file coords.cif (mmCIF, C-alpha atoms)
data_target
#
loop_
_atom_site.label_atom_id
_atom_site.label_comp_id
_atom_site.auth_asym_id
_atom_site.auth_seq_id
_atom_site.Cartn_x
_atom_site.Cartn_y
_atom_site.Cartn_z
CA MET O 1 373.31 45.93 8.46
CA LYS O 2 371.44 44.42 5.52
CA PRO O 3 367.87 45.40 4.68
CA ALA O 4 364.98 43.02 5.21
CA LEU O 5 362.81 41.95 2.31
CA ALA O 6 359.04 41.89 2.82
CA LEU O 7 357.08 39.94 0.21
CA SER O 8 353.84 41.62 -0.75
CA TYR O 9 350.53 40.07 -1.75
CA GLY O 10 349.30 42.90 -3.95
CA PHE O 11 347.21 44.72 -1.37
CA PRO O 12 348.09 47.73 0.72
CA ASP O 13 349.43 46.13 3.91
CA VAL O 14 348.84 48.67 6.64
CA ALA O 15 350.53 46.58 9.32
CA MET O 16 353.65 46.02 7.23
CA ALA O 17 353.74 49.71 6.34
CA LYS O 18 353.70 50.47 10.06
CA LEU O 19 356.57 48.08 10.70
CA ALA O 20 358.57 49.44 7.75
CA SER O 21 358.07 53.05 8.83
CA HIS O 22 358.92 52.36 12.47
CA PRO O 23 361.88 54.53 13.52
CA ASP O 24 363.84 51.44 14.56
CA ALA O 25 363.46 50.00 11.05
CA SER O 26 365.37 53.04 9.73
CA GLY O 27 364.01 52.47 6.24
CA ARG O 28 365.68 49.08 5.98
CA ILE O 29 362.56 47.11 5.04
CA THR O 30 362.12 46.77 1.29
CA SER O 31 358.97 45.37 -0.26
CA ARG O 32 358.70 43.27 -3.42
CA ASP O 33 355.85 41.33 -4.87
CA VAL O 34 355.90 37.67 -3.84
CA TYR O 35 356.05 36.45 -7.44
CA ALA O 36 359.20 38.51 -8.01
CA LEU O 37 361.03 35.95 -5.87
CA GLU O 38 361.38 33.79 -8.95
CA HIS O 39 363.59 36.38 -10.63
CA LEU O 40 365.34 37.61 -7.55
CA ASP O 41 368.75 36.71 -6.26
CA LEU O 42 367.81 36.13 -2.64
CA ASP O 43 371.26 36.72 -1.40
CA LEU O 44 372.78 37.70 1.91
CA ASP O 45 374.72 40.40 0.08
CA ASP O 46 371.41 42.16 -0.44
CA PHE O 47 369.11 41.08 2.35
CA GLY O 48 369.51 39.86 5.91
CA ALA O 49 365.94 38.81 6.55
CA LEU O 50 362.88 37.67 4.64
CA LEU O 51 359.41 38.60 5.96
CA ILE O 52 356.58 36.28 5.03
CA SER O 53 352.99 37.35 5.63
CA MET O 54 350.10 35.02 6.33
CA HIS O 55 348.44 36.34 3.15
CA LEU O 56 351.01 35.03 0.69
CA ASP O 57 350.53 32.34 -1.94
CA GLN O 58 352.15 29.39 -0.15
CA ARG O 59 351.77 27.11 -3.13
CA PHE O 60 354.13 29.45 -4.96
CA LEU O 61 356.44 29.68 -1.93
CA ALA O 62 356.59 25.89 -1.73
CA GLY O 63 358.02 25.99 -5.25
CA ARG O 64 360.72 28.36 -3.95
CA ALA O 65 361.54 26.22 -0.90
CA ALA O 66 365.09 25.47 -2.11
CA GLN O 67 365.79 29.18 -2.62
CA ILE O 68 364.46 29.99 0.85
CA GLU O 69 366.50 27.19 2.44
CA SER O 70 369.65 28.30 0.68
CA PHE O 71 369.13 31.84 1.99
CA LEU O 72 368.74 30.44 5.50
CA ARG O 73 371.83 28.22 5.26
CA GLN O 74 373.94 31.20 4.26
CA GLY O 75 372.87 32.94 7.46
CA GLY O 76 369.62 34.72 6.59
CA SER O 77 366.65 35.09 8.90
CA VAL O 78 363.13 34.18 7.85
CA ILE O 79 360.14 35.47 9.79
CA ALA O 80 357.03 33.62 8.68
CA ASN O 81 353.42 33.87 9.83
CA GLY O 82 350.17 32.02 9.33
CA HIS O 83 349.13 28.41 9.01
CA ILE O 84 351.22 26.09 6.88
CA ALA O 85 349.23 24.58 4.02
CA TYR O 86 352.10 23.99 1.58
CA PRO O 87 355.35 23.53 3.48
CA PHE O 88 357.96 26.01 2.25
CA LEU O 89 360.31 26.10 5.25
CA PRO O 90 362.85 23.41 6.14
CA GLY O 91 361.51 20.93 8.68
CA MET O 92 357.99 22.38 8.79
CA THR O 93 354.86 20.34 8.22
CA GLY O 94 351.19 21.22 7.94
CA VAL O 95 349.05 23.10 10.41
CA HIS O 96 346.92 21.57 13.16
CA PRO O 97 343.94 23.89 13.55
CA LEU O 98 342.24 23.71 16.94
CA GLU O 99 338.82 22.16 16.62
CA ASN O 100 335.81 23.13 18.72
CA TYR O 101 338.06 25.34 20.76
CA GLY O 102 337.10 27.09 23.95
CA LEU O 103 338.63 29.96 25.84
CA ARG O 104 341.15 27.73 27.66
CA ASP O 105 342.46 26.41 24.35
CA LEU O 106 343.18 29.93 23.14
CA ALA O 107 345.25 31.02 26.14
CA VAL O 108 348.76 31.97 25.01
CA LYS O 109 351.29 30.27 27.31
CA ARG O 110 354.91 31.39 27.51
CA LEU O 111 357.29 28.46 27.82
CA VAL O 112 360.55 30.44 27.76
CA ASP O 113 361.40 34.11 27.84
CA HIS O 114 362.53 35.70 24.61
CA PRO O 115 363.67 39.26 23.80
CA ILE O 116 360.98 39.74 21.11
CA TRP O 117 358.28 39.29 23.73
CA ALA O 118 360.09 40.77 26.72
CA GLY O 119 357.58 42.65 28.85
CA VAL O 120 354.64 41.48 26.72
CA SER O 121 352.05 39.81 28.91
CA GLU O 122 350.45 36.49 28.00
CA ASN O 123 347.10 38.06 28.78
CA ASP O 124 347.58 40.85 26.25
CA LEU O 125 348.54 38.26 23.64
CA THR O 126 345.51 36.13 24.43
CA PHE O 127 342.91 38.90 24.46
CA ARG O 128 342.29 41.86 22.19
CA ARG O 129 339.40 44.00 23.41
CA GLY O 130 338.39 41.06 25.56
CA VAL O 131 338.24 38.68 22.58
CA ALA O 132 340.56 35.67 22.45
CA GLY O 133 341.92 34.00 19.35
CA PHE O 134 343.53 36.73 17.28
CA TYR O 135 347.04 35.69 18.16
CA GLY O 136 346.58 32.00 17.41
CA ARG O 137 344.00 29.34 16.69
CA ALA O 138 346.24 26.55 15.48
CA TRP O 139 349.54 24.86 16.21
CA HIS O 140 352.45 23.34 14.30
CA HIS O 141 355.04 20.66 15.02
CA PRO O 142 358.30 22.49 15.63
CA PRO O 143 361.32 21.20 13.69
CA ASP O 144 364.22 19.61 15.59
CA GLY O 145 366.21 22.08 17.60
CA ALA O 146 363.39 24.59 17.87
CA THR O 147 362.96 26.82 20.90
CA VAL O 148 359.24 27.04 21.57
CA VAL O 149 358.44 30.43 23.06
CA HIS O 150 354.64 30.29 23.16
CA ALA O 151 352.11 27.48 23.05
CA LEU O 152 348.34 27.59 22.75
CA GLY O 153 346.31 26.29 25.68
CA GLU O 154 348.64 23.33 26.31
CA PRO O 155 352.43 23.23 26.21
CA ASP O 156 352.37 20.66 23.41
CA ARG O 157 350.65 23.01 20.96
CA PRO O 158 353.51 25.23 19.75
CA LEU O 159 352.52 28.65 18.43
CA ASP O 160 355.75 30.69 18.32
CA PHE O 161 359.11 29.06 17.83
CA ILE O 162 362.59 29.77 16.56
CA TYR O 163 364.88 27.21 14.98
CA PRO O 164 368.25 27.20 13.30
CA VAL O 165 368.83 26.26 9.67
CA GLY O 166 372.52 26.24 8.74
CA LYS O 167 373.90 29.61 9.79
CA GLY O 168 370.45 31.16 9.67
CA ARG O 169 367.24 30.93 11.66
CA VAL O 170 363.50 30.82 11.25
CA LEU O 171 361.06 32.64 13.50
CA PHE O 172 357.67 31.09 12.98
CA HIS O 173 354.42 32.56 14.32
CA GLY O 174 351.44 30.33 13.58
CA GLY O 175 348.82 33.06 13.55
CA ASN O 176 348.00 36.53 12.22
CA ASP O 177 351.05 38.51 11.10
CA LEU O 178 353.20 39.49 14.07
CA TRP O 179 353.39 43.04 12.71
CA GLN O 180 349.64 43.41 13.25
CA TYR O 181 350.27 43.62 16.98
CA GLY O 182 350.98 46.85 18.73
CA ALA O 183 348.06 48.04 20.77
CA ALA O 184 348.36 50.51 23.63
CA ASP O 185 348.90 47.54 25.95
CA SER O 186 352.11 45.55 26.35
CA THR O 187 351.86 44.17 22.79
CA GLY O 188 353.19 47.60 21.77
CA ARG O 189 356.64 46.23 22.66
CA ILE O 190 356.57 43.57 19.95
CA LEU O 191 357.38 45.73 16.93
CA PRO O 192 360.53 47.45 18.21
CA GLN O 193 361.76 44.25 19.83
CA LEU O 194 361.12 42.28 16.66
CA LEU O 195 363.03 44.88 14.64
CA ARG O 196 365.95 44.72 17.06
CA TRP O 197 366.05 40.93 16.83
CA MET O 198 365.75 41.09 13.06
CA PHE O 199 368.49 43.63 12.47
CA PHE O 200 370.85 42.95 15.34
CA GLY O 201 370.29 39.22 15.62
CA GLU O 202 371.74 37.24 18.46
CA ARG O 203 373.36 40.32 19.92
CA ALA O 204 369.92 41.36 21.07
CA GLU O 205 369.41 38.14 23.02
CA MET J 1 327.98 22.11 -16.18
CA SER J 2 330.12 22.41 -13.16
CA LEU J 3 331.09 24.54 -10.19
CA ALA J 4 334.56 26.06 -10.42
CA ILE J 5 336.58 28.08 -7.92
CA LEU J 6 339.86 29.93 -8.09
CA ASP J 7 342.45 29.07 -5.45
CA GLY J 8 344.91 31.83 -4.58
CA GLY J 9 347.36 29.41 -2.95
CA THR J 10 347.08 30.95 0.51
CA PHE J 11 346.56 28.77 3.57
CA PHE J 12 343.05 30.09 4.06
CA HIS J 13 342.06 29.33 0.47
CA HIS J 14 343.54 25.87 0.92
CA ALA J 15 341.68 25.27 4.19
CA ALA J 16 338.35 26.50 2.83
CA ILE J 17 338.54 24.87 -0.62
CA GLN J 18 340.52 21.69 0.06
CA GLY J 19 339.24 21.17 3.60
CA ALA J 20 336.90 18.23 4.21
CA ARG J 21 333.86 20.44 4.84
CA TYR J 22 333.42 21.73 1.28
CA ARG J 23 335.88 20.05 -1.08
CA GLU J 24 333.34 17.62 -2.55
CA LEU J 25 331.22 20.55 -3.72
CA PHE J 26 333.76 21.85 -6.24
CA ASP J 27 334.07 20.22 -9.65
CA LEU J 28 337.03 22.36 -10.70
CA VAL J 29 339.64 24.00 -8.50
CA ILE J 30 341.93 26.26 -10.50
CA TYR J 31 345.15 27.61 -9.03
CA MET J 32 344.95 31.32 -9.83
CA PRO J 33 348.33 31.66 -11.61
CA GLU J 34 347.29 28.76 -13.86
CA LEU J 35 343.93 30.17 -14.97
CA THR J 36 343.39 29.71 -18.72
CA PRO J 37 340.22 29.69 -20.82
CA THR J 38 340.54 25.91 -21.23
CA ALA J 39 340.78 25.45 -17.46
CA LEU J 40 337.21 26.76 -17.29
CA GLU J 41 335.78 24.35 -19.84
CA GLY J 42 332.44 23.03 -18.63
CA ALA J 43 332.20 25.53 -15.79
CA LYS J 44 328.88 27.27 -15.38
CA LEU J 45 329.51 29.09 -12.14
CA LEU J 46 332.93 30.38 -11.13
CA ILE J 47 333.71 31.64 -7.64
CA VAL J 48 336.48 34.16 -7.06
CA PRO J 49 337.01 33.81 -3.31
CA ASP J 50 338.02 36.85 -1.29
CA ARG J 51 341.67 37.95 -1.14
CA VAL J 52 343.16 36.65 -4.34
CA HIS J 53 346.29 38.54 -5.44
CA PRO J 54 344.70 41.46 -7.36
CA ASP J 55 347.52 41.72 -9.93
CA LEU J 56 346.73 38.17 -11.02
CA LEU J 57 343.04 39.01 -11.30
CA ARG J 58 343.86 42.07 -13.39
CA ASN J 59 346.24 40.07 -15.59
CA HIS J 60 343.57 37.44 -16.19
CA ARG J 61 340.63 39.80 -16.40
CA GLN J 62 339.73 39.02 -20.01
CA ILE J 63 339.31 35.33 -19.20
CA LEU J 64 336.98 36.20 -16.34
CA ILE J 65 334.99 38.71 -18.38
CA ASP J 66 334.73 36.30 -21.32
CA PHE J 67 333.42 33.66 -18.96
CA ALA J 68 330.55 35.93 -17.90
CA GLN J 69 329.99 37.19 -21.45
CA SER J 70 329.55 33.64 -22.66
CA GLY J 71 326.71 33.13 -20.18
CA GLY J 72 328.58 31.98 -17.08
CA THR J 73 327.85 33.17 -13.56
CA LEU J 74 330.84 34.83 -11.95
CA VAL J 75 330.69 35.30 -8.16
CA VAL J 76 333.29 37.72 -6.84
CA PHE J 77 333.84 38.15 -3.11
CA GLY J 78 335.47 41.03 -1.27
CA GLU J 79 339.01 42.37 -1.04
CA ASN J 80 339.72 41.52 -4.67
CA GLN J 81 339.85 45.10 -6.00
CA ALA J 82 337.08 44.04 -8.40
CA GLU J 83 336.53 47.68 -9.31
CA THR J 84 339.91 47.57 -11.12
CA TRP J 85 339.11 44.62 -13.38
CA LEU J 86 335.41 43.74 -13.45
CA PRO J 87 332.97 45.79 -15.58
CA GLY J 88 330.23 47.63 -13.75
CA VAL J 89 331.88 47.49 -10.34
CA SER J 90 332.18 50.70 -8.38
CA TRP J 91 333.60 50.55 -4.87
CA THR J 92 334.19 53.09 -2.13
CA ALA J 93 336.03 52.66 1.12
CA ARG J 94 334.46 52.78 4.54
CA PRO J 95 336.55 52.09 7.63
CA THR J 96 335.90 48.53 8.72
CA ASN J 97 334.35 48.15 12.14
CA PHE J 98 335.56 44.74 13.26
CA TRP J 99 334.10 45.27 16.70
CA TRP J 100 330.44 46.15 16.17
CA TRP J 101 329.30 42.93 17.84
CA LEU J 102 331.04 43.59 21.16
CA ASP J 103 328.17 45.84 22.22
CA LYS J 104 325.22 43.55 22.91
CA ASN J 105 322.79 46.29 21.96
CA ALA J 106 324.56 47.12 18.73
CA LYS J 107 322.47 46.72 15.65
CA PRO J 108 324.43 45.95 12.50
CA PRO J 109 323.67 48.39 9.68
CA HIS J 110 322.99 45.63 7.12
CA ARG J 111 319.61 45.72 5.38
CA GLN J 112 318.08 42.87 3.47
CA VAL J 113 316.88 44.62 0.34
CA ALA J 114 315.64 41.63 -1.69
CA PRO J 115 314.37 38.99 0.74
CA ASP J 116 312.72 37.09 -2.14
CA HIS J 117 316.01 36.56 -3.97
CA GLU J 118 316.73 32.86 -4.48
CA LEU J 119 320.03 33.10 -2.57
CA PHE J 120 318.13 33.75 0.65
CA GLN J 121 316.46 30.36 0.37
CA ALA J 122 319.93 28.91 0.99
CA VAL J 123 321.61 31.56 3.15
CA THR J 124 319.79 33.27 5.99
CA PHE J 125 320.17 37.02 6.22
CA ALA J 126 321.61 36.58 9.75
CA ASP J 127 324.46 34.51 8.30
CA THR J 128 325.52 37.36 6.01
CA ILE J 129 326.22 39.67 8.92
CA TRP J 130 329.78 40.31 9.98
CA HIS J 131 332.13 43.25 9.36
CA PHE J 132 332.46 44.40 5.75
CA HIS J 133 335.17 45.97 3.61
CA GLY J 134 333.81 48.98 1.76
CA LEU J 135 330.68 49.62 -0.27
CA LEU J 136 329.56 48.84 -3.80
CA ARG J 137 327.46 50.98 -6.10
CA PRO J 138 325.63 48.49 -8.32
CA PRO J 139 325.00 49.37 -11.96
CA PRO J 140 321.46 50.58 -12.70
CA GLN J 141 319.13 47.60 -13.09
CA ALA J 142 321.33 45.28 -11.06
CA GLN J 143 319.55 43.85 -8.04
CA THR J 144 320.85 44.80 -4.63
CA LEU J 145 320.47 41.99 -2.08
CA ILE J 146 322.07 43.60 0.98
CA ASP J 147 323.02 47.19 1.59
CA VAL J 148 323.92 49.58 4.39
CA PRO J 149 322.59 53.13 4.86
CA PRO J 150 324.68 56.30 4.58
CA ASP J 151 327.20 56.93 7.32
CA ALA J 152 327.43 60.54 8.38
CA GLU J 153 330.75 60.00 10.15
CA ASN J 154 332.35 58.67 6.98
CA ASP J 155 330.45 61.12 4.77
CA ASP J 156 329.32 58.38 2.39
CA THR J 157 325.97 57.68 0.79
CA GLY J 158 325.77 54.04 1.81
CA GLY J 159 325.97 51.20 -0.67
CA ALA J 160 325.55 47.54 -1.43
CA LEU J 161 327.39 44.64 0.20
CA LEU J 162 325.97 42.08 -2.22
CA TYR J 163 324.33 42.47 -5.61
CA ASP J 164 323.24 40.40 -8.57
CA ASP J 165 323.99 41.93 -11.97
CA ARG J 166 322.33 40.35 -15.03
CA VAL J 167 322.73 43.40 -17.23
CA THR J 168 326.42 44.22 -17.58
CA THR J 169 327.34 40.94 -19.28
CA ALA J 170 325.42 38.28 -21.17
CA GLY J 171 325.84 36.11 -18.08
CA ARG J 172 325.59 37.04 -14.45
CA LEU J 173 327.89 38.84 -12.02
CA ILE J 174 327.26 38.37 -8.30
CA VAL J 175 329.50 40.80 -6.46
CA SER J 176 330.07 41.19 -2.73
CA THR J 177 332.37 42.98 -0.32
CA LEU J 178 332.08 40.11 2.17
CA ASP J 179 335.13 37.95 2.86
CA PRO J 180 333.94 34.52 4.08
CA PHE J 181 336.77 32.39 2.67
CA TYR J 182 339.49 34.22 4.58
CA HIS J 183 337.70 34.04 7.90
CA HIS J 184 336.39 30.50 7.57
CA GLY J 185 339.77 29.32 6.28
CA SER J 186 341.53 31.03 9.17
CA ASN J 187 339.49 28.98 11.64
CA PHE J 188 338.03 32.07 13.21
CA MET J 189 334.61 33.48 12.48
CA PRO J 190 331.66 31.08 12.82
CA ALA J 191 329.22 33.36 10.92
CA THR J 192 331.38 33.01 7.82
CA THR J 193 331.26 29.21 8.08
CA LYS J 194 327.47 29.33 8.31
CA PHE J 195 327.39 31.60 5.28
CA LEU J 196 329.48 29.14 3.23
CA ASP J 197 327.41 26.20 4.55
CA GLY J 198 324.44 27.78 2.77
CA PHE J 199 326.12 29.55 -0.13
CA LEU J 200 328.34 26.78 -1.53
CA PRO J 201 325.62 24.10 -1.87
CA TRP J 202 323.45 26.80 -3.51
CA ALA J 203 326.27 27.65 -5.92
CA ARG J 204 326.72 23.97 -6.76
CA ALA J 205 323.00 23.52 -7.35
CA ARG J 206 322.99 26.59 -9.64
CA ALA J 207 326.02 25.27 -11.52
CA HIS J 208 324.36 21.91 -12.07
CA SER J 209 320.89 23.21 -12.96
CA PRO J 210 319.85 23.53 -16.60
CA GLY J 211 318.52 27.12 -16.29
CA ALA J 212 320.48 30.37 -16.34
#

call {"tool": "encode", "arguments": {"input": "coords.cif", "output": "C-alpha cells"}}
result
Amino acid sequence: MKPALALSYGFPDVAMAKLASHPDASGRITSRDVYALEHLDLDLDDFGALLISMHLDQRFLAGRAAQIESFLRQGGSVIANGHIAYPFLPGMTGVHPLENYGLRDLAVKRLVDHPIWAGVSENDLTFRRGVAGFYGRAWHHPPDGATVVHALGEPDRPLDFIYPVGKGRVLFHGGNDLWQYGAADSTGRILPQLLRWMFFGERAE
Amino acid sequence: MSLAILDGGTFFHHAAIQGARYRELFDLVIYMPELTPTALEGAKLLIVPDRVHPDLLRNHRQILIDFAQSGGTLVVFGENQAETWLPGVSWTARPTNFWWWLDKNAKPPHRQVAPDHELFQAVTFADTIWHFHGLLRPPPQAQTLIDVPPDAENDDTGGALLYDDRVTTAGRLIVSTLDPFYHHGSNFMPATTKFLDGFLPWARARAHSPGA
C-alpha cells in the first residue's frame, strides 16, 4: 500500500494532522509543501493518493495540471477540496457559489450511498452546532462519468462527486476540507471511511 | 499612486480580489510568487490579505519592508505569521472561539480603543466583530484601534486585533489578526463582506490621496 501525499500551505494544519495521525492512516500520509510539486516525481511508485486542501495556491496547481492528470491516468487517486478558481483537475470547471442562499439551499442531499459517508446523516453534514453552511456553499459541474454523492439544496447542484480519469479517480468535495469533519455526531465516521477508501480503493466499496 | 494587493492564488483570494464586487478598486494585483520591487512601482498602499503562504512572505520580506520604509502603507491581515517577517509585530495565540455569536446574550470582547481613527469613518466598529486568530502587542507609540481584554482562562494579558504603526518604519504598518478575505471569499461570513465594503474603498481613497 503506497503512502498518500498531502500538499501543505505553510501553516500548521490541525485537521490534516488529525487525519495523518489517525490509527487507520498507519503513518502513511506524508506532507510536502505545495511548491515542492514542481521538483517532485509524482509517481505511483511513491504515492497512491494526492490530498489537496482548500487552502492551496490553485494558480500554481493549474500550472501542474498535466502532472496531476498523468498521476491520475497511471492509477492514482486525487482527493481535492474547496472551490475551483483555476481549474487544475481534468474535466473540472469553475465554481458556482450560491447567491443569497437560505437554509433550504444549504441542505446536504444524498443522491447515492457511498462507503465514505456510510452511516453519516445528511442532517449532521448540513448542520454544525445548529449552523448550516460549513459543509458546502457552492456547487460545481461534475465531469462526464461522475457519480454525484451529495448535492446542495437541489439535486442539480453537485457538492461531492467521484469520477474516473484513466486508471485513477478524483474525489471532489466542493467545500471545507473533508478532514475537518469528525464531530461526536455521525460525521465522526468520515475520517476512517475516507482513509479506507483512500488506501484500499475499490475493495472498500 | 495606486492601491496594490497580493494574491496568494487560493480560491478565496481569487473570489475576493477578482470577484465583481471589489475588482475595480485594485490598481495592481500581484500574484504572491511573482512579487518583485518593480511590481510595486507606483503603489502607495499594499494589502497583504489574510492566509498567504507564510514561506513566500518570509522569502519576500525585504521587498515588503522596503515598501514601508520608502513611505508606503502596508496593511497586513491575519493568519500570515507576520511576527516572523514584519518588524515590530509581536503575536500570541489565543484559542479561537468561532461560536461566540450562538449565544444571543454573548457580548464579544472587542473594544474600540480609538473611535476617532480615520478608518472608523469608513468601517463601523460592528463590522469588525467576528472571531479572531490570536493577539498582537503593538510597538510602543503605535495606535491600537481595537483590542480585547485579558482572558483568565487562557492566562493572557489581552492584546490588539488591529493597530496602526507609524513609528517602526518611515511609512505606515496597519496590522490585524482579522481574516476577512478568507471568509468573504469563501462565501460564508456576511460581517467580513461588510468590513471589506468599508475597508477597501477607504484603502483606495488613501492610496489615491496626496497625503501620507

call {"tool": "interface_residues", "arguments": {"input": "coords.cif", "of": "chain J", "to": "chain O", "cutoff": "7 Å", "atoms": "only C-alpha atoms", "output": "list in words"}}
result
Gly8, Gly9, Thr10, Phe11, His14, His53, Pro54, Asp55 and Asn187 of chain J

call {"tool": "atom_distance", "arguments": {"input": "coords.cif", "atom1": "CA of Ser90 in chain J", "atom2": "CA of Phe77 in chain J"}}
result
13.7 Å

call {"tool": "residues_around", "arguments": {"input": "coords.cif", "residues": "Ala207 in chain J", "least_positions_apart": "3", "cutoff": "9 Å", "atoms": "all atoms listed in the file", "output": "list in words"}}
result
Met1, Ser2, Leu3, Ala4, Ala43, Lys44, Leu45, Leu46, Thr73, Trp202, Ala203, Arg204, Pro210 and Ala212 of chain J

call {"tool": "write_last_selection", "arguments": {"input": "coords.cif", "atoms": "C-alpha atoms", "output": "PDB file, in the coordinates of the input"}}
result
ATOM      1  CA  MET J   1     327.980  22.110 -16.180  1.00  0.00           C
ATOM      2  CA  SER J   2     330.120  22.410 -13.160  1.00  0.00           C
ATOM      3  CA  LEU J   3     331.090  24.540 -10.190  1.00  0.00           C
ATOM      4  CA  ALA J   4     334.560  26.060 -10.420  1.00  0.00           C
ATOM      5  CA  ALA J  43     332.200  25.530 -15.790  1.00  0.00           C
ATOM      6  CA  LYS J  44     328.880  27.270 -15.380  1.00  0.00           C
ATOM      7  CA  LEU J  45     329.510  29.090 -12.140  1.00  0.00           C
ATOM      8  CA  LEU J  46     332.930  30.380 -11.130  1.00  0.00           C
ATOM      9  CA  THR J  73     327.850  33.170 -13.560  1.00  0.00           C
ATOM     10  CA  TRP J 202     323.450  26.800  -3.510  1.00  0.00           C
ATOM     11  CA  ALA J 203     326.270  27.650  -5.920  1.00  0.00           C
ATOM     12  CA  ARG J 204     326.720  23.970  -6.760  1.00  0.00           C
ATOM     13  CA  PRO J 210     319.850  23.530 -16.600  1.00  0.00           C
ATOM     14  CA  ALA J 212     320.480  30.370 -16.340  1.00  0.00           C
TER      15      ALA J 212
END

call {"tool": "residues_around", "arguments": {"input": "coords.cif", "residues": "range 179-182 of chain O", "least_positions_apart": "3", "cutoff": "6 Å", "atoms": "all atoms listed in the file", "output": "PDB file with C-alpha atoms, keeping the file's coordinate frame"}}
result
ATOM      1  CA  ALA O  15     350.530  46.580   9.320  1.00  0.00           C
ATOM      2  CA  THR O 187     351.860  44.170  22.790  1.00  0.00           C
ATOM      3  CA  GLY O 188     353.190  47.600  21.770  1.00  0.00           C
TER       4      GLY O 188
END

call {"tool": "resolve_selection", "arguments": {"input": "coords.cif", "expression": "the PyMOL selection byres ((chain J and resi 125) around 9)", "output": "PyMOL selection string"}}
result
chain J and resi 111-112+115+120+123-124+126-129+146

call {"tool": "closest_residue", "arguments": {"input": "coords.cif", "among": "O:Leu152, O:Leu19, O:Val78, O:Leu51", "to": "Leu103 in chain O", "atoms": "all atoms listed in the file"}}
result
O:Leu152

call {"tool": "axis_aligned_box", "arguments": {"input": "coords.cif", "around": "range 51-65 of chain J", "padding_each_side": "8 Å", "output": "lines of an AutoDock Vina configuration file"}}
result
center_x = 341.3
center_y = 38.7
center_z = -10.6
size_x = 28.5
size_y = 22.7
size_z = 34.9

call {"tool": "resolve_selection", "arguments": {"input": "coords.cif", "expression": "the PyMOL selection byres ((chain O and resi 172) around 12)", "output": "count of residues only"}}
result
45

call {"tool": "resolve_selection", "arguments": {"input": "coords.cif", "expression": "the PyMOL selection byres ((chain J and resi 183) around 12)", "output": "NGL selection string"}}
result
(:O and (55 or 134 or 137 or 176)) or (:J and (11-13 or 15-16 or 49-51 or 78 or 130-132 or 178-182 or 184-196))

call {"tool": "atom_distance", "arguments": {"input": "coords.cif", "atom1": "CA of Glu24 in chain J", "atom2": "CA of Glu79 in chain J"}}
result
25.4 Å

call {"tool": "atom_distance", "arguments": {"input": "coords.cif", "atom1": "CA of Gly198 in chain J", "atom2": "CA of Gly134 in chain J"}}
result
23.2 Å
